[in-house]
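Asker: Sharing final-v6.txt below, compact mmCIF, C-alpha atoms:
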# COMPACT_ATOMS: atom_id res chain seq x y z
CA ASN A 1003 165.18 200.50 247.46
CA ILE A 1004 168.65 200.79 248.88
CA ILE A 1005 171.11 203.56 248.02
CA VAL A 1006 174.82 202.83 248.23
CA LYS A 1007 176.91 206.00 248.32
CA ASP A 1008 179.94 206.64 246.13
CA GLY A 1009 183.05 204.94 247.57
CA TYR A 1010 181.06 202.28 249.44
CA GLU A 1011 179.70 198.80 248.86
CA ALA A 1012 176.79 197.18 250.71
CA VAL A 1013 177.46 193.70 252.06
CA PHE A 1014 174.46 191.49 252.86
CA VAL A 1015 174.90 188.90 255.60
CA CYS A 1016 172.28 186.19 256.22
CA ASN A 1017 172.67 183.82 259.16
CA ASN A 1018 176.40 184.68 259.57
CA LYS A 1019 177.21 184.12 255.89
CA VAL A 1020 178.10 186.79 253.35
CA THR A 1021 175.57 186.41 250.56
CA ASP A 1022 175.59 189.40 248.21
CA VAL A 1023 177.47 192.65 247.61
CA LEU A 1024 175.91 195.71 245.97
CA MET A 1025 178.12 198.32 244.31
CA GLU A 1026 177.45 202.06 244.48
CA GLY A 1027 174.13 203.26 243.11
CA LYS A 1028 170.41 202.83 243.70
CA HIS A 1029 169.16 199.23 243.83
CA SER A 1030 165.77 197.58 244.26
CA ILE A 1031 165.51 194.81 246.82
CA ILE A 1032 164.53 192.08 244.37
CA ALA A 1033 165.68 188.52 243.66
CA SER A 1034 167.68 189.50 240.56
CA ASN A 1035 169.80 192.00 242.56
CA LEU A 1036 170.22 189.73 245.61
CA PRO A 1037 170.08 186.15 244.29
CA LYS A 1038 172.09 184.45 247.05
CA THR A 1039 170.26 186.32 249.81
CA PHE A 1040 166.86 185.34 248.43
CA ARG A 1041 167.99 181.74 247.96
CA ARG A 1042 169.47 181.48 251.48
CA LEU A 1043 166.29 182.88 253.06
CA ARG A 1044 164.10 180.70 250.80
CA LEU A 1045 162.20 183.71 249.51
CA LEU A 1046 161.86 182.35 245.98
CA THR A 1047 159.19 179.82 246.99
CA ALA A 1048 155.70 180.65 248.20
CA LYS A 1049 154.42 179.52 251.59
CA ASP A 1050 150.67 178.93 251.68
CA GLY A 1051 150.38 180.61 248.28
CA LYS A 1052 152.07 183.84 249.43
CA PHE A 1053 155.57 185.15 248.99
CA ALA A 1054 157.29 186.78 251.97
CA SER A 1055 156.95 190.56 251.97
CA SER A 1056 159.65 191.18 254.58
CA PHE A 1057 162.80 189.50 255.80
CA LYS A 1058 165.71 190.10 258.19
CA VAL A 1059 169.23 190.55 256.93
CA ASP A 1060 172.32 192.39 258.18
CA ILE A 1061 173.61 195.09 255.83
CA TYR A 1062 177.09 196.55 256.26
CA PHE A 1063 178.32 199.55 254.29
CA ILE A 1064 182.04 199.17 253.63
CA SER A 1065 184.32 201.95 252.41
CA VAL A 1066 186.26 200.74 249.36
CA GLY A 1067 188.67 203.66 249.40
CA THR A 1068 192.01 203.64 251.17
CA ILE A 1069 191.76 203.97 254.95
CA LYS A 1070 194.84 205.89 256.01
CA GLY A 1071 196.81 206.11 259.24
CA LEU A 1072 195.69 202.94 261.02
CA LYS A 1073 197.99 201.81 263.83
CA PHE A 1074 199.26 198.29 264.38
CA CYS A 1075 200.80 196.37 267.26
CA SER A 1076 201.80 192.73 267.00
CA THR A 1077 200.72 190.08 269.47
CA MET A 1078 203.31 187.67 268.12
CA PRO A 1079 206.78 188.45 269.51
CA TYR A 1080 209.87 189.06 267.42
CA VAL A 1081 212.50 186.84 269.07
CA GLN A 1082 216.16 186.93 268.00
CA ARG A 1083 219.62 186.77 269.51
CA SER A 1084 221.61 189.96 269.39
CA LYS A 1085 225.34 190.27 270.08
CA ARG A 1086 224.77 193.53 271.89
CA PHE A 1087 221.54 192.78 273.79
CA GLY A 1088 221.45 188.99 274.07
CA ARG A 1089 218.06 187.36 273.54
CA VAL A 1090 215.61 190.01 272.34
CA LYS A 1091 211.84 189.63 272.55
CA ALA A 1092 209.99 192.60 271.05
CA PHE A 1093 206.61 193.53 269.57
CA ALA A 1094 206.32 195.57 266.37
CA GLU A 1095 204.38 198.85 266.41
CA GLY A 1096 203.67 201.27 263.59
CA SER A 1097 201.13 202.51 261.08
CA PHE A 1098 199.65 201.40 257.76
CA ASP A 1099 197.04 202.21 255.15
CA LEU A 1100 194.38 199.68 254.20
CA LYS A 1101 192.82 199.19 250.77
CA ILE A 1102 189.95 196.75 250.39
CA VAL A 1103 190.36 194.85 247.12
CA ASP A 1104 187.64 192.18 247.44
CA THR A 1105 184.78 193.24 249.74
CA LYS A 1106 183.29 189.76 250.00
CA LYS A 1107 186.58 188.08 250.99
CA PHE A 1108 187.40 190.92 253.38
CA PHE A 1109 184.08 190.67 255.14
CA LYS A 1110 184.24 186.86 255.30
CA TYR A 1111 187.60 187.27 257.05
CA LEU A 1112 186.11 189.76 259.54
CA LEU A 1113 183.20 187.40 260.29
CA LEU A 1114 185.54 184.43 260.70
CA GLU A 1115 185.14 183.22 264.32
CA ARG A 1116 182.68 186.05 265.04
CA PRO A 1117 178.92 186.01 264.45
CA TYR A 1118 178.90 189.76 263.76
CA ILE A 1119 181.30 192.70 263.75
CA ILE A 1120 180.88 196.25 265.02
CA ASP A 1121 182.95 199.21 263.87
CA THR A 1122 184.92 199.46 267.15
CA GLN A 1123 186.24 195.91 266.64
CA PHE A 1124 187.61 196.58 263.15
CA GLU A 1125 190.81 198.44 264.08
CA PRO A 1126 192.03 196.02 266.81
CA ILE A 1127 191.46 193.03 264.51
CA MET A 1128 193.39 194.63 261.66
CA SER A 1129 196.07 195.96 264.04
CA GLU A 1130 196.87 192.49 265.32
CA GLU A 1131 196.86 190.94 261.83
CA VAL A 1132 199.19 193.55 260.32
CA GLY A 1133 201.49 193.50 263.35
CA ASN A 1134 201.89 189.74 263.16
CA VAL A 1135 202.52 189.82 259.41
CA VAL A 1136 205.19 192.50 259.98
CA VAL A 1137 206.89 190.33 262.61
CA GLU A 1138 206.85 187.34 260.23
CA LYS A 1139 208.43 189.48 257.48
CA LEU A 1140 211.12 190.71 259.87
CA LEU A 1141 211.90 187.19 261.09
CA ASP A 1142 212.10 185.89 257.49
CA SER A 1143 214.53 188.66 256.50
CA ASP A 1144 218.25 188.51 257.13
CA LYS A 1145 218.14 191.76 259.13
CA LYS A 1146 219.57 191.79 262.65
CA PHE A 1147 217.78 193.54 265.52
CA MET A 1148 220.07 196.59 265.45
CA GLU A 1149 219.59 196.95 261.68
CA ILE A 1150 215.82 196.95 262.15
CA LEU A 1151 216.10 199.71 264.74
CA THR A 1152 218.52 201.93 262.81
CA VAL A 1153 218.04 201.42 259.05
CA ARG A 1154 214.50 202.73 258.54
CA GLU A 1155 214.51 202.91 254.72
CA ASP A 1156 215.56 199.26 254.26
CA VAL A 1157 212.88 198.12 256.71
CA TYR A 1158 210.26 200.28 254.97
CA ASN A 1159 211.21 198.76 251.59
CA LEU A 1160 211.12 195.25 253.07
CA LEU A 1161 207.62 195.75 254.46
CA ASN A 1162 206.24 197.45 251.36
CA PHE A 1163 207.78 195.27 248.65
CA ASN A 1164 204.74 193.59 247.09
CA GLN A 1165 201.70 193.34 249.27
CA ILE A 1166 202.05 191.73 252.65
CA ALA A 1167 198.37 190.97 253.27
CA PRO A 1168 197.45 187.30 252.99
CA PRO A 1169 195.28 186.76 249.85
CA PHE A 1170 192.36 185.29 251.83
CA MET A 1171 191.82 188.67 253.54
CA GLY A 1172 190.72 190.51 250.39
CA CYS A 1173 192.75 193.64 251.16
CA GLU A 1174 196.17 195.21 250.75
CA PHE A 1175 198.34 196.77 253.44
CA LEU A 1176 199.99 199.89 252.02
CA ASN A 1177 202.56 202.34 253.35
CA VAL A 1178 203.48 200.04 256.26
CA THR A 1179 205.80 201.96 258.57
CA LEU A 1180 207.54 200.40 261.56
CA LYS A 1181 207.67 203.05 264.30
CA SER A 1182 209.15 201.04 267.18
CA MET A 1183 209.93 197.64 268.63
CA ARG A 1184 208.32 197.50 272.09
CA VAL A 1185 210.46 195.44 274.46
CA PRO A 1186 208.62 194.36 277.64
Using structure tokens, write down the structure from this file.
Answerer:
Amino acid sequence: NIIVKDGYEAVFVCNNKVTDVLMEGKHSIIASNLPKTFRRLRLLTAKDGKFASSFKVDIYFISVGTIKGLKFCSTMPYVQRSKRFGRVKAFAEGSFDLKIVDTKKFFKYLLLERPYIIDTQFEPIMSEEVGNVVVEKLLDSDKKFMEILTVREDVYNLLNFNQIAPPFMGCEFLNVTLKSMRVP
């Protein structure tokens, strides 16, 4: 049996591929609960007249609640000409809340280009993604560099109008707040 606590989902990964997701509750490890996992590991067919009694799979427990107060910093520069400062090259920094909407999509995104993920890698990956999305939003807007620095409410509304997370990520970025523009 496997017990998934309230507010979490269990993600099963076989050979670097997300196979099944179990919602909260108590579940038996059987083919009807984990069809894709059993199929991928070829556990539905007998070898030498015997079915496998054990198998290896990675299980990740993902919080499906809102994760608050994460920090972001872009790796993509915000580049614009300013009358007052000339050519400006800056990196966006701030904070955001993260809500996982689709656990399977979210985990597929995290495993993209990585064979596995550990909890210490999660925040830097999300920090870079959110920071770069914020820079893209700022570049697409008609706001000048000085307006971004001084008019906080307009920038907050720009960054929080609709969701700014790409749909393939399976999550939403909420309460995105730009704290500063770091100029090297």
Asker: Provide an axis-aligned box for all listed atoms of segment 1013-1023 of chain A, padding each side by 4 Å; report its centre and its edge lengths in Å to one decimal, as lines of an AutoDock Vina configuration file.
Answerer:
center_x = 175.2
center_y = 188.8
center_z = 253.6
size_x = 13.8
size_y = 17.9
size_z = 20.0
Asker: Using all atoms listed in the file, can you tell me which of A:Ile1032, A:Val1178, A:Leu1045, A:Ile1166 comes closest to Lys1070 of chain A?
Answerer: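 Between A:Ile1032, A:Val1178, A:Leu1045, A:Ile1166, the residue approaching Lys1070 of chain A most closely is A:Val1178.
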Asker: Which residues, protein or nucleic acid, reach to within 10 Å of (179.4, 191.8, 251.4) in the file's coordinates when using all atoms listed in the file, and can you give that as a ChimeraX atom specification?
Answerer: /A:1011-1015,1019-1025,1060-1064,1104-1110
Asker: Do you know which residues are at most 9 Å from segment 1125-1140 of chain A counting all atoms listed in the file, after dropping those on the same chain fewer than 2 positions away, and could you put them as a count of residues only?
Answerer: 34
Asker: One decimal, in Å: what's the spacing between atom CA of Asp1099 of chain A and atom CA of Lys1028 of chain A?
Answerer: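 These atoms are spaced 29.0 Å apart.
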